[in-house]
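Student: File start_12.csv below, CSV, C-alpha atoms:
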```csv
chain,number,residue,atom,x,y,z
A,831,MET,CA,9.8,-23.3,-22.2
A,832,LEU,CA,9.9,-20.3,-19.8
A,833,SER,CA,12.3,-20.4,-16.9
A,834,ALA,CA,10.8,-20.2,-13.4
A,835,ARG,CA,12.1,-16.6,-13.0
A,836,ARG,CA,10.6,-15.5,-16.3
A,837,ARG,CA,7.3,-17.1,-15.4
A,838,VAL,CA,7.2,-15.0,-12.2
A,839,LEU,CA,7.9,-11.9,-14.3
A,840,ARG,CA,4.9,-12.6,-16.4
A,841,THR,CA,2.7,-12.8,-13.3
A,842,THR,CA,-0.1,-10.1,-13.3
A,843,ALA,CA,-2.1,-8.5,-10.6
A,844,ALA,CA,-4.9,-10.9,-11.4
A,845,GLY,CA,-2.7,-13.9,-10.6
A,846,LEU,CA,-0.2,-16.0,-12.4
A,847,ALA,CA,-1.1,-15.0,-15.9
A,848,ALA,CA,1.9,-16.5,-17.6
A,849,ALA,CA,2.3,-16.8,-21.3
A,850,SER,CA,2.5,-20.6,-21.2
A,851,LEU,CA,0.1,-23.0,-19.5
A,852,LEU,CA,2.9,-25.5,-19.4
A,853,ALA,CA,4.9,-23.1,-17.3
A,854,ALA,CA,2.1,-22.5,-14.9
A,855,LEU,CA,-0.6,-25.2,-14.8
A,856,THR,CA,1.7,-28.1,-15.7
A,857,GLY,CA,4.8,-24.9,-15.0
A,858,THR,CA,10.5,-29.4,3.0
A,859,ALA,CA,10.4,-28.5,6.2
A,860,ALA,CA,8.0,-25.7,7.2
A,861,GLN,CA,8.9,-22.5,9.0
A,862,ALA,CA,11.2,-23.2,11.9
A,863,THR,CA,10.7,-21.7,15.3
A,864,SER,CA,12.4,-18.4,16.0
A,865,SER,CA,14.9,-17.7,18.8
A,866,ALA,CA,12.3,-15.4,20.4
A,867,PRO,CA,9.8,-17.5,22.4
A,868,SER,CA,7.0,-15.0,21.8
A,869,ASP,CA,8.0,-14.1,18.3
A,870,PRO,CA,4.8,-14.4,16.2
A,871,ALA,CA,6.6,-15.3,12.9
A,872,THR,CA,5.8,-19.0,13.5
A,873,ALA,CA,2.4,-18.7,15.0
A,874,PRO,CA,0.7,-21.0,12.6
A,875,LEU,CA,2.9,-23.9,13.5
A,876,ARG,CA,3.6,-23.4,17.2
A,877,ALA,CA,-0.1,-23.7,18.1
A,878,SER,CA,-2.3,-26.5,17.1
A,879,PRO,CA,-5.5,-25.6,15.2
A,880,THR,CA,-8.6,-25.4,17.3
A,881,SER,CA,-10.7,-27.6,15.0
A,882,THR,CA,-10.4,-30.1,12.2
A,883,MET,CA,-9.6,-28.4,8.9
A,884,GLU,CA,-10.9,-29.5,5.5
A,885,VAL,CA,-10.5,-28.5,1.9
A,886,LYS,CA,-12.6,-30.6,-0.6
A,887,GLY,CA,-14.5,-30.4,-3.8
A,888,LYS,CA,-14.1,-30.5,-7.6
A,889,ALA,CA,-14.2,-27.5,-9.8
A,890,GLY,CA,-12.6,-26.0,-12.9
A,891,GLY,CA,-13.0,-23.8,-15.8
A,892,VAL,CA,-11.5,-22.6,-19.1
A,893,LEU,CA,-8.3,-20.7,-19.4
A,894,GLY,CA,-8.7,-17.1,-20.5
A,895,GLU,CA,-7.0,-15.0,-23.1
A,896,GLU,CA,-4.1,-14.2,-20.6
A,897,TRP,CA,-2.9,-17.8,-21.1
A,898,GLY,CA,-1.9,-17.1,-24.7
A,899,PRO,CA,-1.8,-20.2,-26.9
A,900,TYR,CA,-3.5,-22.2,-24.1
A,901,ALA,CA,-6.6,-20.0,-24.0
A,902,GLY,CA,-9.7,-22.0,-24.2
A,903,ASP,CA,-8.2,-25.1,-22.6
A,904,PRO,CA,-10.4,-26.8,-19.9
A,905,VAL,CA,-8.8,-27.5,-16.5
A,906,SER,CA,-10.2,-29.2,-13.5
A,907,PHE,CA,-9.1,-29.7,-9.9
A,908,ALA,CA,-10.3,-32.3,-7.3
A,909,ILE,CA,-9.2,-32.0,-3.7
A,910,ASP,CA,-10.1,-34.1,-0.6
A,911,ALA,CA,-7.9,-33.0,2.3
A,912,ARG,CA,-8.7,-33.2,6.0
A,913,GLY,CA,-6.8,-33.0,9.3
A,914,ASP,CA,-6.2,-31.3,12.6
A,915,ASP,CA,-2.4,-31.2,12.4
A,916,PRO,CA,-1.2,-28.9,9.5
A,917,LEU,CA,1.8,-31.2,8.8
A,918,LYS,CA,0.0,-34.5,9.1
A,919,PRO,CA,-3.2,-34.3,7.1
A,920,ASN,CA,-4.9,-37.0,5.1
A,921,GLY,CA,-6.1,-36.6,1.6
A,922,THR,CA,-5.5,-36.6,-2.2
A,923,PHE,CA,-5.5,-34.2,-5.1
A,924,HIS,CA,-6.2,-34.7,-8.8
A,925,VAL,CA,-5.5,-32.2,-11.7
A,926,VAL,CA,-6.5,-32.5,-15.3
A,927,HIS,CA,-5.6,-30.2,-18.2
A,928,SER,CA,-7.0,-31.0,-21.7
A,929,ASN,CA,-7.0,-29.4,-25.1
A,930,PRO,CA,-10.3,-28.0,-26.4
A,931,ASP,CA,-10.8,-31.2,-28.5
A,932,GLY,CA,-10.5,-33.3,-25.3
A,933,SER,CA,-7.1,-34.7,-25.9
A,934,LEU,CA,-4.9,-34.8,-22.8
A,935,VAL,CA,-2.1,-32.3,-22.0
A,936,ALA,CA,-1.5,-33.5,-18.4
A,937,GLU,CA,-3.2,-35.4,-15.7
A,938,PHE,CA,-1.7,-36.1,-12.3
A,939,SER,CA,-2.7,-36.9,-8.8
A,940,GLY,CA,-1.1,-37.6,-5.4
A,941,LYS,CA,-1.2,-37.4,-1.6
A,942,VAL,CA,-1.6,-34.3,0.5
A,943,SER,CA,1.5,-33.4,2.6
A,944,SER,CA,0.3,-30.3,4.4
A,945,LEU,CA,-3.0,-28.4,5.0
A,946,TYR,CA,-3.7,-25.1,6.7
A,947,ALA,CA,-7.1,-23.6,6.4
A,948,VAL,CA,-8.6,-20.6,8.2
A,949,ASP,CA,-12.1,-19.3,7.5
A,950,GLU,CA,-12.6,-19.6,3.7
A,951,VAL,CA,-9.0,-19.9,2.6
A,952,GLY,CA,-6.9,-23.1,2.6
A,953,ILE,CA,-3.5,-24.0,1.3
A,954,VAL,CA,-2.8,-27.6,0.4
A,955,THR,CA,0.5,-29.0,-0.6
A,956,GLY,CA,1.2,-32.5,-1.9
A,957,VAL,CA,3.5,-34.9,-3.8
A,958,ILE,CA,2.6,-36.4,-7.2
A,959,ASP,CA,2.5,-40.2,-7.3
A,960,ARG,CA,0.6,-40.9,-10.5
A,961,ALA,CA,0.8,-38.9,-13.8
A,962,GLU,CA,0.2,-39.0,-17.5
A,963,HIS,CA,1.5,-36.0,-19.3
A,964,PRO,CA,1.9,-36.3,-23.1
A,965,GLY,CA,2.1,-32.5,-23.4
A,966,VAL,CA,4.7,-32.0,-20.7
A,967,PRO,CA,8.3,-33.2,-21.3
A,968,GLN,CA,9.5,-32.6,-17.7
A,969,GLU,CA,9.6,-35.3,-15.1
A,970,VAL,CA,6.4,-35.1,-13.0
A,971,LEU,CA,6.4,-38.0,-10.6
A,972,GLY,CA,7.6,-37.3,-7.1
A,973,LYS,CA,7.4,-33.5,-7.6
A,974,GLU,CA,5.7,-31.2,-5.1
A,975,ILE,CA,2.7,-29.0,-5.8
A,976,ALA,CA,0.8,-26.3,-3.9
A,977,LEU,CA,-2.9,-25.4,-4.2
A,978,THR,CA,-4.5,-22.3,-2.7
A,979,VAL,CA,-8.3,-22.5,-2.5
A,980,TYR,CA,-10.8,-19.7,-1.8
A,981,ASP,CA,-14.3,-20.8,-0.9
A,982,GLY,CA,-16.3,-17.8,-2.1
A,983,GLY,CA,-19.7,-19.4,-2.3
A,984,ARG,CA,-20.6,-19.0,-6.0
A,985,GLN,CA,-17.2,-17.2,-6.6
A,986,ASP,CA,-14.7,-19.9,-5.7
A,987,ARG,CA,-11.1,-19.5,-6.8
A,988,ILE,CA,-7.9,-21.6,-6.9
A,989,GLY,CA,-4.2,-20.9,-7.4
A,990,TRP,CA,-1.3,-23.2,-8.0
A,991,VAL,CA,2.5,-23.7,-7.9
A,992,TRP,CA,4.1,-26.7,-9.7
A,993,GLY,CA,7.4,-28.0,-8.5
A,994,PHE,CA,8.1,-29.9,-11.7
A,995,PHE,CA,8.8,-26.6,-13.4
A,996,ASP,CA,11.4,-25.8,-10.8
A,997,ALA,CA,9.0,-23.5,-8.9
A,998,PRO,CA,9.9,-23.9,-5.1
A,999,VAL,CA,7.3,-25.5,-3.0
A,1000,SER,CA,7.3,-25.3,0.8
A,1001,ARG,CA,4.7,-26.9,3.0
A,1002,LEU,CA,2.0,-24.6,4.3
A,1003,GLN,CA,2.8,-22.0,1.6
A,1004,GLY,CA,1.1,-21.1,-1.7
A,1005,THR,CA,0.3,-18.2,-4.0
A,1006,ALA,CA,-2.9,-16.2,-4.4
A,1007,PRO,CA,-6.0,-18.0,-5.8
A,1008,HIS,CA,-5.7,-16.3,-9.2
A,1009,PHE,CA,-8.0,-18.6,-11.2
A,1010,PRO,CA,-11.8,-18.1,-10.9
A,1011,VAL,CA,-13.6,-21.5,-11.4
A,1012,THR,CA,-16.8,-21.5,-13.6
A,1013,TRP,CA,-18.2,-24.9,-12.6
A,1014,GLY,CA,-18.2,-27.1,-9.5
A,1015,ASN,CA,-17.4,-25.8,-6.1
A,1016,PHE,CA,-14.9,-26.0,-3.3
A,1017,HIS,CA,-15.6,-26.3,0.4
A,1018,VAL,CA,-13.1,-24.9,3.0
A,1019,HIS,CA,-13.7,-25.6,6.7
A,1020,GLY,CA,-11.0,-23.7,8.5
A,1021,ASP,CA,-9.4,-23.3,11.8
A,1022,ARG,CA,-10.6,-20.3,13.8
A,1023,GLY,CA,-7.2,-18.7,13.3
A,1024,ARG,CA,-5.5,-16.3,15.6
A,1025,GLN,CA,-7.7,-13.4,16.8
A,1026,SER,CA,-7.1,-10.4,18.9
A,1027,SER,CA,-10.7,-9.5,19.7
A,1028,SER,CA,-10.0,-9.2,23.4
A,1029,ALA,CA,-7.6,-6.3,22.9
A,1030,ALA,CA,-8.6,-2.9,24.0
A,1031,PRO,CA,-9.9,-0.7,21.2
A,1032,SER,CA,-7.3,1.4,19.6
A,1033,SER,CA,-7.5,5.2,19.6
A,1034,GLU,CA,-6.2,5.2,16.1
A,1035,GLN,CA,-9.0,5.7,13.5
A,1036,VAL,CA,-8.4,3.8,10.3
A,1037,GLU,CA,-10.2,4.5,7.0
A,1038,LEU,CA,-9.0,2.5,4.0
A,1039,LYS,CA,-9.9,3.8,0.5
A,1040,SER,CA,-8.5,3.2,-2.9
A,1041,GLY,CA,-9.5,5.5,-5.7
A,1042,THR,CA,-6.6,4.6,-8.1
A,1043,THR,CA,-6.7,2.1,-11.0
A,1044,GLY,CA,-4.6,-1.0,-11.1
A,1045,THR,CA,-4.2,-3.4,-8.2
A,1046,ASN,CA,-4.1,-2.0,-4.7
A,1047,VAL,CA,-3.5,-3.7,-1.3
A,1048,LEU,CA,-3.6,-1.7,1.9
A,1049,ALA,CA,-3.5,-2.7,5.5
A,1050,VAL,CA,-3.3,-0.7,8.8
A,1051,LEU,CA,-4.1,-3.1,11.7
A,1052,GLY,CA,-3.1,-4.4,15.0
A,1053,GLY,CA,-4.0,-5.9,18.4
A,1054,LYS,CA,-2.4,-8.4,20.6
A,1055,ALA,CA,0.4,-10.5,19.2
A,1056,PRO,CA,-0.4,-14.2,18.9
A,1057,GLN,CA,0.1,-16.2,22.1
A,1058,SER,CA,0.8,-13.1,24.1
A,1059,SER,CA,-0.8,-9.8,25.3
A,1060,ASP,CA,2.0,-7.7,23.6
A,1061,PRO,CA,0.9,-5.0,21.2
A,1062,LEU,CA,1.2,-5.7,17.5
A,1063,ARG,CA,0.9,-3.3,14.6
A,1064,VAL,CA,1.3,-3.9,10.9
A,1065,THR,CA,1.1,-1.4,8.0
A,1066,LEU,CA,1.4,-2.4,4.4
A,1067,ALA,CA,0.7,-0.6,1.1
A,1068,ALA,CA,1.3,-2.0,-2.4
A,1069,ARG,CA,0.2,-1.2,-5.9
A,1070,ILE,CA,0.6,-2.6,-9.4
A,1071,ALA,CA,-0.1,-0.1,-12.1
A,1072,PRO,CA,-2.3,-1.2,-15.0
A,1073,GLY,CA,-0.3,-3.4,-17.5
A,1074,ASP,CA,2.5,-4.0,-15.0
A,1075,ASN,CA,3.4,-7.4,-13.6
A,1076,ALA,CA,3.9,-8.8,-10.1
A,1077,LEU,CA,7.5,-7.8,-9.8
A,1078,GLN,CA,6.8,-4.2,-10.9
A,1079,VAL,CA,5.0,-3.6,-7.6
A,1080,LYS,CA,5.5,-0.4,-5.6
A,1081,GLY,CA,5.0,-0.6,-1.9
A,1082,ALA,CA,6.3,-0.9,1.7
A,1083,PHE,CA,5.6,-2.5,5.0
A,1084,HIS,CA,6.2,-1.9,8.7
A,1085,PHE,CA,5.8,-4.6,11.4
A,1086,THR,CA,6.1,-3.9,15.1
A,1087,HIS,CA,5.7,-6.2,18.1
A,1088,HIS,CA,6.7,-4.7,21.5
A,1089,LYS,CA,6.5,-5.8,25.1
A,1090,PRO,CA,4.2,-3.7,27.3
A,1091,ASN,CA,7.3,-1.9,28.6
A,1092,GLY,CA,8.3,-0.9,25.1
A,1093,ARG,CA,11.1,-3.4,24.5
A,1094,PRO,CA,11.0,-4.5,20.9
A,1095,VAL,CA,10.4,-8.2,20.1
A,1096,ALA,CA,10.3,-7.3,16.4
A,1097,ASP,CA,10.4,-3.9,14.7
A,1098,PHE,CA,11.3,-4.0,11.0
A,1099,GLN,CA,10.3,-2.3,7.8
A,1100,GLY,CA,11.0,-2.6,4.1
A,1101,ARG,CA,9.8,-2.6,0.5
A,1102,ILE,CA,7.4,-5.0,-1.3
A,1103,THR,CA,9.1,-6.9,-4.1
A,1104,CYS,CA,6.2,-9.1,-5.4
A,1105,LEU,CA,2.4,-9.0,-5.2
A,1106,ALA,CA,-0.1,-11.5,-6.5
A,1107,VAL,CA,-3.9,-11.0,-6.1
A,1108,GLY,CA,-6.8,-13.4,-6.6
A,1109,GLY,CA,-10.2,-12.0,-5.7
A,1110,PRO,CA,-10.2,-10.8,-2.1
A,1111,VAL,CA,-6.9,-12.7,-1.3
A,1112,ALA,CA,-3.4,-11.2,-1.8
A,1113,VAL,CA,0.1,-12.5,-1.2
A,1114,ALA,CA,3.0,-10.0,-0.9
A,1115,THR,CA,6.7,-10.7,-0.4
A,1116,GLY,CA,9.4,-8.2,0.5
A,1117,VAL,CA,12.8,-7.4,1.9
A,1118,VAL,CA,13.8,-5.7,5.1
A,1119,THR,CA,15.5,-2.4,4.7
A,1120,LYS,CA,15.5,-1.1,8.3
A,1121,SER,CA,15.2,-3.0,11.6
A,1122,ALA,CA,15.8,-2.8,15.3
A,1123,ASP,CA,18.0,-5.8,14.7
A,1124,PRO,CA,20.6,-4.9,12.0
A,1125,THR,CA,21.1,-8.6,11.2
A,1126,GLN,CA,17.6,-8.7,9.7
A,1127,ILE,CA,18.4,-6.1,7.0
A,1128,GLY,CA,18.3,-7.6,3.6
A,1129,LYS,CA,16.3,-10.6,4.8
A,1130,PRO,CA,13.0,-11.7,3.1
A,1131,VAL,CA,9.5,-11.6,4.5
A,1132,SER,CA,6.1,-12.6,3.2
A,1133,PHE,CA,2.5,-11.5,4.0
A,1134,SER,CA,-0.9,-12.9,3.1
A,1135,LEU,CA,-4.1,-10.9,3.3
A,1136,LYS,CA,-7.8,-11.7,3.1
A,1137,ASP,CA,-10.4,-9.0,2.7
A,1138,GLY,CA,-13.6,-10.6,3.9
A,1139,PRO,CA,-16.2,-10.7,6.7
A,1140,THR,CA,-13.3,-11.2,9.0
A,1141,ASP,CA,-10.2,-9.5,7.7
A,1142,ARG,CA,-7.1,-11.6,8.2
A,1143,LEU,CA,-3.3,-11.3,7.8
A,1144,GLY,CA,-0.6,-13.9,7.7
A,1145,TRP,CA,3.2,-13.6,7.7
A,1146,LEU,CA,6.4,-15.5,7.5
A,1147,ARG,CA,10.0,-14.3,8.0
A,1148,GLY,CA,13.3,-15.7,6.6
A,1149,PHE,CA,15.5,-14.3,9.3
A,1150,SER,CA,17.6,-17.5,10.1
A,1151,SER,CA,19.2,-20.3,8.1
A,1152,THR,CA,16.7,-22.8,9.5
A,1153,ASP,CA,13.6,-20.9,8.2
A,1154,ALA,CA,11.8,-22.3,5.2
A,1155,PRO,CA,12.7,-20.3,2.0
A,1156,ILE,CA,10.5,-17.4,1.1
A,1157,THR,CA,9.7,-17.4,-2.6
A,1158,ASP,CA,8.3,-14.5,-4.7
A,1159,CYS,CA,4.5,-14.2,-4.3
A,1160,GLN,CA,4.2,-17.1,-1.9
A,1161,SER,CA,3.1,-17.1,1.8
A,1162,THR,CA,1.1,-19.0,4.4
A,1163,THR,CA,-2.7,-18.8,4.9
A,1164,PRO,CA,-3.9,-15.5,6.4
A,1165,PHE,CA,-4.4,-16.5,10.1
A,1166,TYR,CA,-4.5,-13.4,12.3
A,1167,ALA,CA,-7.7,-11.3,12.8
A,1168,PRO,CA,-6.8,-7.8,14.2
A,1169,ALA,CA,-8.6,-6.1,17.1
A,1170,TRP,CA,-8.5,-2.8,15.3
A,1171,GLY,CA,-7.9,-1.4,11.8
A,1172,GLY,CA,-8.5,-3.4,8.7
A,1173,LEU,CA,-7.3,-4.1,5.2
A,1174,LEU,CA,-8.3,-3.7,1.6
A,1175,VAL,CA,-7.6,-5.9,-1.5
A,1176,ARG,CA,-8.6,-4.4,-4.9
```
Can you turn what I pasted into structure tokens?
Tutor:
Amino acid sequence: MLSARRRVLRTTAAGLAAASLLAALTGTAAQATSSAPSDPATAPLRASPTSTMEVKGKAGGVLGEEWGPYAGDPVSFAIDARGDDPLKPNGTFHVVHSNPDGSLVAEFSGKVSSLYAVDEVGIVTGVIDRAEHPGVPQEVLGKEIALTVYDGGRQDRIGWVWGFFDAPVSRLQGTAPHFPVTWGNFHVHGDRGRQSSSAAPSSEQVELKSGTTGTNVLAVLGGKAPQSSDPLRVTLAARIAPGDNALQVKGAFHFTHHKPNGRPVADFQGRITCLAVGGPVAVATGVVTKSADPTQIGKPVSFSLKDGPTDRLGWLRGFSSTDAPITDCQSTTPFYAPAWGGLLVR
């Protein structure tokens, strides 16, 4: 049985392609408010969604060759989650993993504990209250799970994190939707998210291109910071070379949020330490190496990106002891639509 750390090391650019399905499929408090009243790090929680959110449907597929000895195993996921408060949703989830001959590896279900959906991406967390798992020796009941759903029409995807294999699970956080389903469908009805469409057009011209092989994530964007008229700018570039895994990523980020008079609310930069990609959705985590606030150096951050009809970026920061832990290749739902610039996930 692979340790949680080794499972992350096996993660590929296409998602969590671990060598063991048991370490992936069957392998707390949310982000606290910051001391800065207008700090956008907690924007998803400090403002209520503008509409009822929903993630529902049943879909699945067959695990591919990247799953090693579990290649060919059918898996299915059923989700029925709804709510207008991210931390007080209603709903259930149901997961089944079988052998090719139909015998059961694991089946578990439970109640949803958090739900945050924006546009076509939703993250659902929950707690298992019923389980049958002849192929999984670990205790499953009472453990937390996270499911990331991408509603891509005929190209739906799902990603997962299982707490019963010691993978940390925090409400409102998940990984990239690494698994493309081949039957059924998911429906995501999301919040409008945070948008900066009223900001003045930027004079900075942005053209994003990627001509290199491997996995590439690029972002140069900005606008008004959530819940303020302050200028916000984010740049991020990350790449995984062909054959490398999520922790072999090369990349960097720079996040700035200033008051109109130039006083920094947040100005920090650093290196990317983990990158997971599923279709047009990416999750990147990193560590701060330079900041206007020296106490932030060495602290973790996470970003989520969605390359779609409306590009979106999300972020979380682990700058204080009261913040929810930031885990390799996990973040919140992409919620912020920039006024200028854009992003690319390939």
Student: Counting all atoms listed in the file, note down every residue that has an atom within 8 Å of the point (1.9, -13.1, 1.5) (file coordinates), as a compact mmCIF listing (two decimals) with C-alpha atoms, in the coordinates of the input.
Tutor:
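For reference, point17.txt as written:
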```txt
# COMPACT_ATOMS: atom_id res chain seq x y z
CA THR A 1005 0.30 -18.20 -4.00
CA LEU A 1105 2.40 -9.00 -5.20
CA ALA A 1112 -3.40 -11.20 -1.80
CA VAL A 1113 0.10 -12.50 -1.20
CA ALA A 1114 3.00 -10.00 -0.90
CA THR A 1115 6.70 -10.70 -0.40
CA SER A 1132 6.10 -12.60 3.20
CA PHE A 1133 2.50 -11.50 4.00
CA SER A 1134 -0.90 -12.90 3.10
CA LEU A 1135 -4.10 -10.90 3.30
CA GLY A 1144 -0.60 -13.90 7.70
CA TRP A 1145 3.20 -13.60 7.70
CA LEU A 1146 6.40 -15.50 7.50
CA CYS A 1159 4.50 -14.20 -4.30
CA GLN A 1160 4.20 -17.10 -1.90
CA SER A 1161 3.10 -17.10 1.80
CA THR A 1162 1.10 -19.00 4.40
CA PRO A 1164 -3.90 -15.50 6.40
```
Student: Calculated over all atoms listed in the file, which of the candidates A:Asp910, A:Ser1059, A:Val1118, A:Arg1001 has the smallest distance to A:Asp1153?
Tutor: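 Closest to A:Asp1153, using all atoms listed in the file: A:Arg1001.
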Student: Counting all atoms listed in the file, what are the residues of stretch 930-1045 of chain A within 12 Å of stretch 882-899 of chain A, and for each of them which pair of atoms is the nearest and at what distance in Å, to one decimal? Sort the table by chain and rising number, as JSON lines.
Tutor:
```
{"residue": "A:Pro930", "atom": "CA", "partner": "A:Val892", "partner_atom": "CA", "distance": 9.2}
{"residue": "A:Val942", "atom": "CA", "partner": "A:Val885", "partner_atom": "CA", "distance": 10.7}
{"residue": "A:Ser944", "atom": "CA", "partner": "A:Met883", "partner_atom": "CA", "distance": 11.0}
{"residue": "A:Leu945", "atom": "CA", "partner": "A:Met883", "partner_atom": "CA", "distance": 7.7}
{"residue": "A:Tyr946", "atom": "CA", "partner": "A:Met883", "partner_atom": "CA", "distance": 7.1}
{"residue": "A:Ala947", "atom": "CA", "partner": "A:Met883", "partner_atom": "CA", "distance": 6.0}
{"residue": "A:Val948", "atom": "CA", "partner": "A:Met883", "partner_atom": "CA", "distance": 7.9}
{"residue": "A:Asp949", "atom": "CA", "partner": "A:Met883", "partner_atom": "CA", "distance": 9.5}
{"residue": "A:Glu950", "atom": "CA", "partner": "A:Val885", "partner_atom": "CA", "distance": 9.3}
{"residue": "A:Val951", "atom": "CA", "partner": "A:Val885", "partner_atom": "CA", "distance": 8.8}
{"residue": "A:Gly952", "atom": "CA", "partner": "A:Val885", "partner_atom": "CA", "distance": 6.5}
{"residue": "A:Ile953", "atom": "CA", "partner": "A:Val885", "partner_atom": "CA", "distance": 8.3}
{"residue": "A:Val954", "atom": "CA", "partner": "A:Val885", "partner_atom": "CA", "distance": 7.9}
{"residue": "A:Thr955", "atom": "CA", "partner": "A:Val885", "partner_atom": "CA", "distance": 11.3}
{"residue": "A:Leu977", "atom": "CA", "partner": "A:Val885", "partner_atom": "CA", "distance": 10.2}
{"residue": "A:Thr978", "atom": "CA", "partner": "A:Val885", "partner_atom": "CA", "distance": 9.8}
{"residue": "A:Val979", "atom": "CA", "partner": "A:Val885", "partner_atom": "CA", "distance": 7.8}
{"residue": "A:Tyr980", "atom": "CA", "partner": "A:Val885", "partner_atom": "CA", "distance": 9.6}
{"residue": "A:Asp981", "atom": "CA", "partner": "A:Val885", "partner_atom": "CA", "distance": 9.0}
{"residue": "A:Arg984", "atom": "CA", "partner": "A:Ala889", "partner_atom": "CA", "distance": 11.3}
{"residue": "A:Gln985", "atom": "CA", "partner": "A:Ala889", "partner_atom": "CA", "distance": 11.2}
{"residue": "A:Asp986", "atom": "CA", "partner": "A:Ala889", "partner_atom": "CA", "distance": 8.6}
{"residue": "A:Arg987", "atom": "CA", "partner": "A:Gly890", "partner_atom": "CA", "distance": 9.0}
{"residue": "A:Ile988", "atom": "CA", "partner": "A:Gly890", "partner_atom": "CA", "distance": 8.8}
{"residue": "A:Gly989", "atom": "CA", "partner": "A:Gly890", "partner_atom": "CA", "distance": 11.3}
{"residue": "A:His1008", "atom": "CA", "partner": "A:Leu893", "partner_atom": "CA", "distance": 11.4}
{"residue": "A:Phe1009", "atom": "CA", "partner": "A:Leu893", "partner_atom": "CA", "distance": 8.5}
{"residue": "A:Pro1010", "atom": "CA", "partner": "A:Gly891", "partner_atom": "CA", "distance": 7.6}
{"residue": "A:Val1011", "atom": "CA", "partner": "A:Gly890", "partner_atom": "CA", "distance": 4.8}
{"residue": "A:Thr1012", "atom": "CA", "partner": "A:Gly891", "partner_atom": "CA", "distance": 5.0}
{"residue": "A:Trp1013", "atom": "CA", "partner": "A:Ala889", "partner_atom": "CA", "distance": 5.5}
{"residue": "A:Gly1014", "atom": "CA", "partner": "A:Ala889", "partner_atom": "CA", "distance": 4.0}
{"residue": "A:Asn1015", "atom": "CA", "partner": "A:Ala889", "partner_atom": "CA", "distance": 5.2}
{"residue": "A:Phe1016", "atom": "CA", "partner": "A:Gly887", "partner_atom": "CA", "distance": 4.4}
{"residue": "A:His1017", "atom": "CA", "partner": "A:Lys886", "partner_atom": "CA", "distance": 5.3}
{"residue": "A:Val1018", "atom": "CA", "partner": "A:Val885", "partner_atom": "CA", "distance": 4.6}
{"residue": "A:His1019", "atom": "CA", "partner": "A:Glu884", "partner_atom": "CA", "distance": 4.9}
{"residue": "A:Gly1020", "atom": "CA", "partner": "A:Met883", "partner_atom": "CA", "distance": 4.9}
{"residue": "A:Asp1021", "atom": "CA", "partner": "A:Met883", "partner_atom": "CA", "distance": 5.9}
{"residue": "A:Arg1022", "atom": "CA", "partner": "A:Met883", "partner_atom": "CA", "distance": 9.5}
{"residue": "A:Gly1023", "atom": "CA", "partner": "A:Met883", "partner_atom": "CA", "distance": 10.9}
```
Student: Counting only C-alpha atoms, which of A:Ser1058, A:Ser906, A:Asn1046, A:Ser1121 gets nearest to A:Asp1137?
Tutor: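 Of A:Ser1058, A:Ser906, A:Asn1046, A:Ser1121, the one nearest A:Asp1137 is A:Asn1046, counting only C-alpha atoms.
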Student: Quick one: 4 Å padding each side, axis-aligned, all listed atoms of stretch 879-895 of chain A - centre and edge lengths in Å to one decimal, as AutoDock Vina command-line options?
Tutor:
```
--center_x -10.0 --center_y -22.8 --center_z -2.9 --size_x 17.0 --size_y 23.6 --size_z 48.4
```
Student: May I ask which of the residues A:Val1064, A:Leu1002, A:Val1047, A:Val1117 is the closest one to A:Lys918, counting all atoms listed in the file?
Tutor: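 Of all the options, A:Leu1002 lies closest to A:Lys918.
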Student: Identify which of the residues A:Asp1060, A:Thr1045, A:Asp1158, A:Thr1086 lies closest to A:Gly1073, counting only C-alpha atoms when measuring atom-to-atom distances.
Tutor: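 Looking at the shortest contact to A:Gly1073, the residue is A:Thr1045.
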Student: Taking all atoms listed in the file into account, which of A:Gly1148, A:Gly1100, A:Pro1139, A:Pro998 comes nearest A:Leu1066?
Tutor: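 Among the listed residues, the smallest separation from A:Leu1066 belongs to A:Gly1100.
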